[in-house]
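What follows is one structure encoded as structure tokens, with my remarks underneath.
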Amino acid sequence: MRDRGLDVADIYRDIYIEAGDKARRLASKYGYLPYMVQRYIYMLGYDGAVKLLEAFEKPLNPVVRVNTLLIDSEKLKSRLESLGFRLEEIPWARDAFRVVSKPEYPTIGSTHEYLKGYYYVHRDASALAPVLLLLQDYKGDVLDACAAPGGKATFASQLVYPHGIVYANDISLPRLRPLIGHYARMKLSNNVVTWADARILPKVWTRRFSRVILDVPCSSEGTIMNDPSRKTKTTLKDLSILVKREIELLDAGLEMLSPGGILAYITCSIAPEENEYVVSRVLESRDDADVIEPPLKLFDWSYGFTSFHKLVFDERVRNCVRIWPHVHGMFGFTFCLLTKTRS
Amino acid sequence: MRRRRKIKFVSRPSPAEHIEALKKYVGEAFNAELDLLVEVGKLRETCFDNICLIYQGVNELPRAVFSGELVGIVIEGHVAPSPQLYTKLFQRYGCRSCVVAADKGVKAFLYGNDLLLESVAEIYPPVDSYVAVLDSYDYSVIGVAKWDESSKVFKNVFDLGVYLRKLG
């Protein structure tokens with residue numbers, strides 16, 4: 001792994017942004033830190049920023065992903081509908097449904113069908129896209145380096161079953177508990193759950209993987225509609241610290257990748273600092289990695305920025321995928337597929 | 001100020017007494033050997049607070065805390081087979097040592113309650129130790145119970161709701 005001597009102060013200088021009057025007024029109206037809204041204006045223009053802020057005011061309903069190893073999608077759908085849930089298909093994700101309306105009781109996370117492991121409840125559909133693309137036509141082992149609480153890991157286990165094993169790792173013990181719980185509940189046996197900081201994995205494991213899922217701990221700026229506390233939670237200083245960790249995690253993730261393998265770098269954030277900036281910094285320091293285009297277009301998503309404010313990114317980050325709440329009706333979400341060109 | 005609660009965590013090879021308890025039960029209830037179903041030498045367990053999950057390691061990897069299939073559960077002094085192990089036993093040796101719960105019983109049992117005798121639709125002996133509780137809808141294993149002579153109920157030892165209640 002590269003010793004890059006990353007410095008939070010340098011990152012802070014890079015990503016520093018001053019909010020103007022328009023941004024301050026919008027921030028005050030919607031309850032945000034001003035710098036966040038200034039970034040939205042830089043990315044989307046004033047009208048686009050207002051649309052995004054409006055979309056962030058509307059919470060999204062959860063998405064049910066069927067455990068097709070235990071039950072047929074249609075059968076589960078009709079069982080949940082008989083309990084009073086109304087479900088809508090996700091056009092690009094087979095075996096997944098958005099909960100459009102729900103009964104007073106039970107909640108979607110406490111039905112007997114849930115307890116029996118027939119489905120997983122995702123906060124949104126966006127998380128399904130990178131896993132579907134990463135594991136398209138793939139049936140081997142997968143490393144999910146920051147796996148808790150287990151949505152992507154259990155999905156990956158379903159997709160590669162029975163040929164591959166998913167190595168689901170996480171640093172947080174309290175979060176490992178539900179991860180193991182989901183594996184036991186869903187009766188998915190092709191798993192190995194590990195407890196480690198993903199940044200040390202290249203040192204403690206000798207084996208490498210052809211597919212790596214790297215959904216890094218981030219600002220979660222794309223999930224504000226379901227967690228409004230995020231409007232003021234992350235200062236620019238906090239963001240710099242997150243970015244540093246994200247760069248280290250992506251570097252470690254690439255170390256865990258076999259030559260020719262593919263890694264999905266994922267954040268539930270729309271911040272270019274946490275996405276295009278992180279990927280560009282890592283590409284700059286390595287000559288064995290590349291950003292590839294997704295193998296198919298699941299829906300009409302947006303692409304990565306090649307510049308933002310005073311930052312100019314690596315041209316290759318154009319291949320990254322951006323999901324916008326006000327355009328796509330999902331969480332703000334960004335992912336990039338990277339490949340390792342040689343060992 | 002909210003204080004973060006410490007989790008009591010243990011990851012270790014399954015203690016001999018837990019393996020013996022499982023072997024004994026499988027031997028008595030199914031006249032079978034546990035070794036034929038799982039690699040006993042590879043059994044490990046991970047405990048969070050007062051629940052331990054017994055699993056069969058699929059390989060040796062530093063920092064592994066769970067892998068493969070759940071084999072058994074240690075909870076409140078009980079060492080019981082997992083639903084997955086019961087399913088294997090039924091496939092191999094037929095339906096034994098289980099009760100089939102009617103709809104009302106399933107609802108109550110999955111939320112942690114005991115299974116009343118009037119909520120039991122079918123009984124497959126022996127039922128003098130642990131029994132698997134099956135859902136009459138699809139005959140899937142929804143937990144484990146133990147007959148209590150004094151209260152005349154199948155006491156809830158473990159049900160699938162435990163994953164949600166104890167593991168979150």
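Going by the structure tokens order, chains are called A, B, ..., each with residues numbered from 1, while ligands are numbered from 1 in the order shown.
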
Checklist entry - Which chain A residues are at most 10 Å from chain B (counting only C-alpha atoms), as a ChimeraX atom specification? => result /A:109-112,114-117,149,165-169,173-185,187-196,201,204-207

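Close contacts of region 132-141 of chain A, defined as residues with an atom at most 7 Å away when counting only C-alpha atoms, with chain neighbours fewer than 5 positions off set aside, comprise Val160, His163, Gly164, Ile165, Val166, Phe209, Ala264, Pro294 and Pro295 of chain A.
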
Checklist entry - What are the DSSP helix (DSSP H, G or I) residues of region 138-206 of chain A, as a ChimeraX atom specification? => result /A:151-160,173-185,198-204

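The residue set within 7 Å of Ser220 (chain A), counting only C-alpha atoms and dropping same-chain residues fewer than 2 places from it, reads Cys218, Gly222, Thr223, Cys268 and Ser269 of chain A.
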
Checklist entry - Separation of CA of Pro325 (chain A) and CA of Thr232 (chain A), in Å? => result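 Distance reported for this atom pair: 18.5 Å.
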
Item to check | Non-local contacts of Leu115 (chain B) (6 Å; only C-alpha atoms; under 2 positions in same chain excluded) as a PyMOL selection string | outcome: chain B and resi 105+109+153-154

Could the residues in this selection be written to a file with N, CA, C and O atoms, as a compact mmCIF listing (two decimals), in the first residue's frame?
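Below is the file that was written, result28.txt:
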# COMPACT_ATOMS: atom_id res chain seq x y z
N GLY B 105 -50.69 -19.68 17.13
CA GLY B 105 -49.50 -20.05 17.89
C GLY B 105 -48.22 -19.50 17.26
O GLY B 105 -47.32 -19.04 17.96
N PHE B 109 -45.59 -17.15 19.12
CA PHE B 109 -44.27 -17.73 19.34
C PHE B 109 -43.17 -16.86 18.73
O PHE B 109 -42.13 -16.62 19.34
N VAL B 153 -47.15 -25.99 28.78
CA VAL B 153 -46.89 -25.23 27.54
C VAL B 153 -45.52 -25.62 26.99
O VAL B 153 -44.67 -26.17 27.72
N PHE B 154 -45.31 -25.37 25.71
CA PHE B 154 -43.98 -25.50 25.14
C PHE B 154 -43.28 -24.15 25.37
O PHE B 154 -43.64 -23.15 24.76

Item to check | One-decimal distance in Å that lies between CA of Ser126 (chain A) and CA of Met43 (chain A) | outcome: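 That distance, rounded to one decimal, is 20.2 Å.
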
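With only C-alpha atoms as the atoms that count, the minimum distance from Leu250 (chain A) to the choices A:Ser101, A:Ser28, A:Asn275, A:Asn319 is reached by A:Asn275.
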